[in-house]
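Q: My questions all concern the structure below.
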Amino acid sequence: MSSNMFKQNANNPTKYRMFFNYDNDKKVYVIPMLPEKIALTVNGKLTSMDIDRFGEVLHRGKRDAIQIEFESIFPPKFGSNYCSCLKKEFKSPAVWHKWMLSLSNCKNPFHFVLVGSPFKINMYADIVSYAPYEKGGDVGAIYYKIKIKEHRKPSISTYNKKKKKTTTSGKRPSNKDTLKYKVTANSGLHLRKAPNGEIIALIPNGKSVKSDGKKNGNWYHVKYGSNWGYAYQAYLVKQ
């Protein structure tokens with residue numbers, strides 16, 4: 001097998017690990033061989049405009065979604081000198097190939113994690129392209145090229161003139177707990193203290209939760225039972 005960029009330490013074989021998880025991390029898949037090279041593309045957003053008697057002005061907005069590309073191998077046999085997963089986590093090339101195809105066609109994004117690397121990637125993503133192939137002389141192995149992109153749900157803000165509400169008490173009514181979402185994760189959805197933070201509860205599939213409307217990226221601030229926390233928006237449908 002080809003040597004790879006992330007050299008494994010005999011005393012710590014799992015220092016560098018790459019995950020392609022799904023269904024709120026209920027289905028965990030650890031890449032068997034790390035790539036020799038991983039390329040990240042992060043483009044900023046620049047808008048140019050000309051102002052009379054002043055010249056060109058550049059305005060920087062939010063960055064584009066992160067794109068990641070790499071090549072690697074699904075080996076036919078486990079080897080402690082080249083595998084980045086534990087033996088009990090090892091899966092055959094056929095199983096990995098089937099998993100990649102399912103992720104390419106899945107409705108919700110998968111959870112991509114790279115630990116041990118200076119990049120420290122932890123994000124939800126979608127597969128842009130997956131190209132598997134075989135090589136002569138390496139029977140049973142599947143080589144592949146893959147390109148994934150950070151999953152970012154667009155948010156559209158609209159302005160609606162609201163009528164002033166009055167109450168018998170004369171106090172402004174609170175809009176807290178007025179938003180409701182339904183959980184769509186088959187195995188339930190984790191409620192966390194912070195985005196990608198500590199898990200404090202598991203919300204069952206089909207359960208409704210309340211929200212105060214606060215967001216942190218792709219995470220919604222919701223209430224389940226007596227606990228407030230953050231849940232990933234891809235598995236929440238507004239009611």
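Residue numbers start at 1 in each chain; chains themselves are named A, B, ... in the order of the structure tokens; ligands are numbered from 1 in the order shown.
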Using only C-alpha atoms, tabulate the residues of stretch 82-125 of chain A lying at most 10 Å from any atom of stretch 174-198 of chain A, each with its closest atom pair and that distance in Å to one decimal, by chain and increasing residue number, as a Markdown table.
A:
| residue | atom | partner | partner_atom | distance |
| --- | --- | --- | --- | --- |
| A:Asn108 | CA | A:Ala185 | CA | 9.3 |
| A:Asn122 | CA | A:Asn196 | CA | 8.2 |
| A:Met123 | CA | A:Asn196 | CA | 8.9 |
Q: I need the residue nearest A:Lys98 from this list: A:Cys83, A:Ile142, A:Ile203, A:Val42. Use only C-alpha atoms for the distance.
A: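 When distances to A:Lys98 are compared using only C-alpha atoms, the smallest one comes from A:Ile142.
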Q: Using atom CA of A:Leu114 and atom CA of A:Tyr220 as the two end points, give the distance in Å to one decimal.
A: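 Separating atom CA of A:Leu114 from atom CA of A:Tyr220 is a distance of 23.6 Å.
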Q: May I have the residues within 12 Å of A:Pro118 as number ranges by chain, using only C-alpha atoms and disregarding those fewer than 2 positions away in the same chain?
A: A: 6, 15-16, 38, 114-116, 120-122
Q: Going by DSSP on the backbone, which bits of stretch 59-165 of chain A are helix (DSSP H, G or I)? Write them as a ChimeraX atom specification, please.
A: /A:87-89,93-105
Q: Restricting the output to all heavy atoms, write the selected residues as a short mmCIF file (atom, residue, chain, number, x, y, z; two decimals), in the first residue's frame.
A:
data_model
loop_
_atom_site.label_atom_id
_atom_site.label_comp_id
_atom_site.auth_asym_id
_atom_site.auth_seq_id
_atom_site.Cartn_x
_atom_site.Cartn_y
_atom_site.Cartn_z
N LYS A 87 -8.92 -2.09 14.25
CA LYS A 87 -9.29 -3.30 13.52
C LYS A 87 -10.79 -3.54 13.58
O LYS A 87 -11.41 -3.95 12.59
CB LYS A 87 -8.54 -4.51 14.08
CG LYS A 87 -8.68 -5.74 13.22
CD LYS A 87 -7.77 -6.86 13.68
CE LYS A 87 -7.86 -8.06 12.74
NZ LYS A 87 -6.95 -9.15 13.14
N LYS A 88 -11.42 -3.24 14.73
CA LYS A 88 -12.85 -3.46 14.88
C LYS A 88 -13.67 -2.46 14.06
O LYS A 88 -14.86 -2.67 13.80
CB LYS A 88 -13.27 -3.36 16.35
CG LYS A 88 -13.03 -2.01 16.98
CD LYS A 88 -13.45 -2.01 18.44
CE LYS A 88 -13.24 -0.63 19.08
NZ LYS A 88 -13.62 -0.63 20.53
N GLU A 89 -13.02 -1.34 13.63
CA GLU A 89 -13.71 -0.34 12.82
C GLU A 89 -13.52 -0.56 11.32
O GLU A 89 -14.15 0.11 10.51
CB GLU A 89 -13.20 1.07 13.17
CG GLU A 89 -13.43 1.47 14.62
CD GLU A 89 -12.67 2.73 15.01
OE1 GLU A 89 -11.56 2.95 14.47
OE2 GLU A 89 -13.18 3.49 15.85
N PRO A 93 -13.67 -2.96 1.21
CA PRO A 93 -13.83 -1.98 0.14
C PRO A 93 -15.26 -1.95 -0.41
O PRO A 93 -15.78 -0.87 -0.72
CB PRO A 93 -12.85 -2.46 -0.93
CG PRO A 93 -11.78 -3.16 -0.16
CD PRO A 93 -12.50 -3.84 0.97
N ALA A 94 -15.92 -3.11 -0.51
CA ALA A 94 -17.29 -3.16 -1.03
C ALA A 94 -18.25 -2.41 -0.12
O ALA A 94 -19.14 -1.69 -0.59
CB ALA A 94 -17.73 -4.62 -1.18
N VAL A 95 -18.06 -2.57 1.20
CA VAL A 95 -18.92 -1.87 2.17
C VAL A 95 -18.68 -0.36 2.08
O VAL A 95 -19.62 0.44 2.10
CB VAL A 95 -18.66 -2.38 3.60
CG1 VAL A 95 -19.37 -1.49 4.63
CG2 VAL A 95 -19.14 -3.82 3.73
N TRP A 96 -17.42 0.04 1.99
CA TRP A 96 -17.10 1.48 1.90
C TRP A 96 -17.66 2.08 0.61
O TRP A 96 -18.18 3.20 0.61
CB TRP A 96 -15.59 1.70 1.97
CG TRP A 96 -15.15 2.15 3.33
CD1 TRP A 96 -14.44 1.43 4.25
CD2 TRP A 96 -15.41 3.41 3.93
NE1 TRP A 96 -14.24 2.18 5.38
CE2 TRP A 96 -14.83 3.41 5.21
CE3 TRP A 96 -16.07 4.57 3.52
CZ2 TRP A 96 -14.88 4.49 6.08
CZ3 TRP A 96 -16.14 5.65 4.37
CH2 TRP A 96 -15.55 5.61 5.65
N HIS A 97 -17.52 1.35 -0.49
CA HIS A 97 -18.03 1.84 -1.77
C HIS A 97 -19.55 2.04 -1.70
O HIS A 97 -20.07 3.07 -2.14
CB HIS A 97 -17.69 0.84 -2.87
CG HIS A 97 -18.27 1.17 -4.21
ND1 HIS A 97 -17.94 2.32 -4.91
CD2 HIS A 97 -19.19 0.50 -4.97
CE1 HIS A 97 -18.62 2.34 -6.04
NE2 HIS A 97 -19.39 1.27 -6.10
N LYS A 98 -20.24 1.10 -1.10
CA LYS A 98 -21.69 1.20 -0.95
C LYS A 98 -22.04 2.39 -0.05
O LYS A 98 -23.03 3.10 -0.30
CB LYS A 98 -22.24 -0.10 -0.35
CG LYS A 98 -23.76 -0.14 -0.27
CD LYS A 98 -24.24 -1.48 0.27
CE LYS A 98 -25.75 -1.50 0.38
NZ LYS A 98 -26.23 -2.81 0.92
N TRP A 99 -21.23 2.62 1.00
CA TRP A 99 -21.48 3.74 1.92
C TRP A 99 -21.32 5.09 1.21
O TRP A 99 -22.13 6.00 1.38
CB TRP A 99 -20.52 3.64 3.10
CG TRP A 99 -20.71 4.70 4.15
CD1 TRP A 99 -19.82 5.65 4.54
CD2 TRP A 99 -21.87 4.92 4.97
NE1 TRP A 99 -20.33 6.44 5.53
CE2 TRP A 99 -21.60 6.01 5.82
CE3 TRP A 99 -23.12 4.30 5.05
CZ2 TRP A 99 -22.51 6.49 6.74
CZ3 TRP A 99 -24.04 4.78 5.98
CH2 TRP A 99 -23.74 5.85 6.80
N MET A 100 -20.28 5.21 0.39
CA MET A 100 -20.06 6.46 -0.34
C MET A 100 -21.20 6.72 -1.33
O MET A 100 -21.64 7.87 -1.49
CB MET A 100 -18.72 6.41 -1.09
CG MET A 100 -17.51 6.55 -0.19
SD MET A 100 -17.51 8.10 0.75
CE MET A 100 -15.83 8.18 1.31
N LEU A 101 -21.67 5.68 -1.97
CA LEU A 101 -22.79 5.86 -2.91
C LEU A 101 -24.05 6.30 -2.17
O LEU A 101 -24.81 7.16 -2.65
CB LEU A 101 -23.06 4.56 -3.66
CG LEU A 101 -21.99 4.11 -4.67
CD1 LEU A 101 -22.37 2.77 -5.28
CD2 LEU A 101 -21.79 5.16 -5.76
N SER A 102 -24.28 5.73 -0.99
CA SER A 102 -25.47 6.11 -0.21
C SER A 102 -25.37 7.56 0.27
O SER A 102 -26.37 8.28 0.28
CB SER A 102 -25.65 5.16 0.97
OG SER A 102 -24.62 5.33 1.93
N LEU A 103 -24.17 8.00 0.66
CA LEU A 103 -23.99 9.38 1.09
C LEU A 103 -24.18 10.35 -0.07
O LEU A 103 -24.64 11.48 0.12
CB LEU A 103 -22.60 9.58 1.71
CG LEU A 103 -22.32 8.91 3.05
CD1 LEU A 103 -20.92 9.25 3.54
CD2 LEU A 103 -23.35 9.32 4.10
N SER A 104 -23.82 9.90 -1.28
CA SER A 104 -23.98 10.75 -2.46
C SER A 104 -25.45 10.99 -2.78
O SER A 104 -25.79 12.01 -3.38
CB SER A 104 -23.30 10.10 -3.68
OG SER A 104 -21.92 9.94 -3.46
N ASN A 105 -26.30 10.06 -2.36
CA ASN A 105 -27.73 10.16 -2.69
C ASN A 105 -28.62 10.47 -1.48
O ASN A 105 -29.84 10.50 -1.61
CB ASN A 105 -28.20 8.85 -3.33
CG ASN A 105 -27.51 8.57 -4.65
OD1 ASN A 105 -27.42 9.44 -5.50
ND2 ASN A 105 -27.00 7.36 -4.82
#
Q: Return as a tab-separated table the residues of stretch 32-136 of chain A lying at most 8 Å from stretch 17-21 of chain A, together with the closest atom-to-atom pair for each and the distance in Å to one decimal, counting only C-alpha atoms, with rows in chain order and ascending residue number.
A:
residue	atom	partner	partner_atom	distance
A:Leu34	CA	A:Met18	CA	7.2
A:Ser84	CA	A:Arg17	CA	6.1
A:Cys85	CA	A:Arg17	CA	7.0
A:Phe110	CA	A:Asn21	CA	5.8
A:His111	CA	A:Asn21	CA	5.0
A:Phe112	CA	A:Phe20	CA	5.1
A:Val113	CA	A:Phe19	CA	5.0
A:Leu114	CA	A:Met18	CA	4.5
A:Val115	CA	A:Arg17	CA	5.4
A:Gly116	CA	A:Arg17	CA	6.7
Q: Which residue out of A:Tyr235, A:Tyr82, A:Phe119, A:Tyr133 has the minimum interatomic distance to A:Glu36 when only C-alpha atoms are used?
A: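 Between A:Tyr235, A:Tyr82, A:Phe119, A:Tyr133, the residue approaching A:Glu36 most closely is A:Tyr82.
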Q: With DSSP run on the backbone, what are the strand (DSSP E) residues within stretch 55-230 of chain A? I'd like them as a PyMOL selection string.
A: chain A and resi 55-61+67-74+110-115+121-133+142-150+179-183+189-192+199-203+208-216+219-224+227-230
Q: Which residues are close to A:Gly140, i.e. within 10 Å by only C-alpha atoms, leaving aside same-chain residues fewer than 6 positions away? Reply as JSON, numbers by chain.
A: {"A": [74, 75, 76, 77, 92, 93, 94, 134]}
Q: With distances taken over only C-alpha atoms, which residue among A:Pro35, A:Glu150, A:Lys210, A:Asn205 lies nearest A:Ser226?
A: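 Smallest separation from A:Ser226 among the options: A:Lys210.
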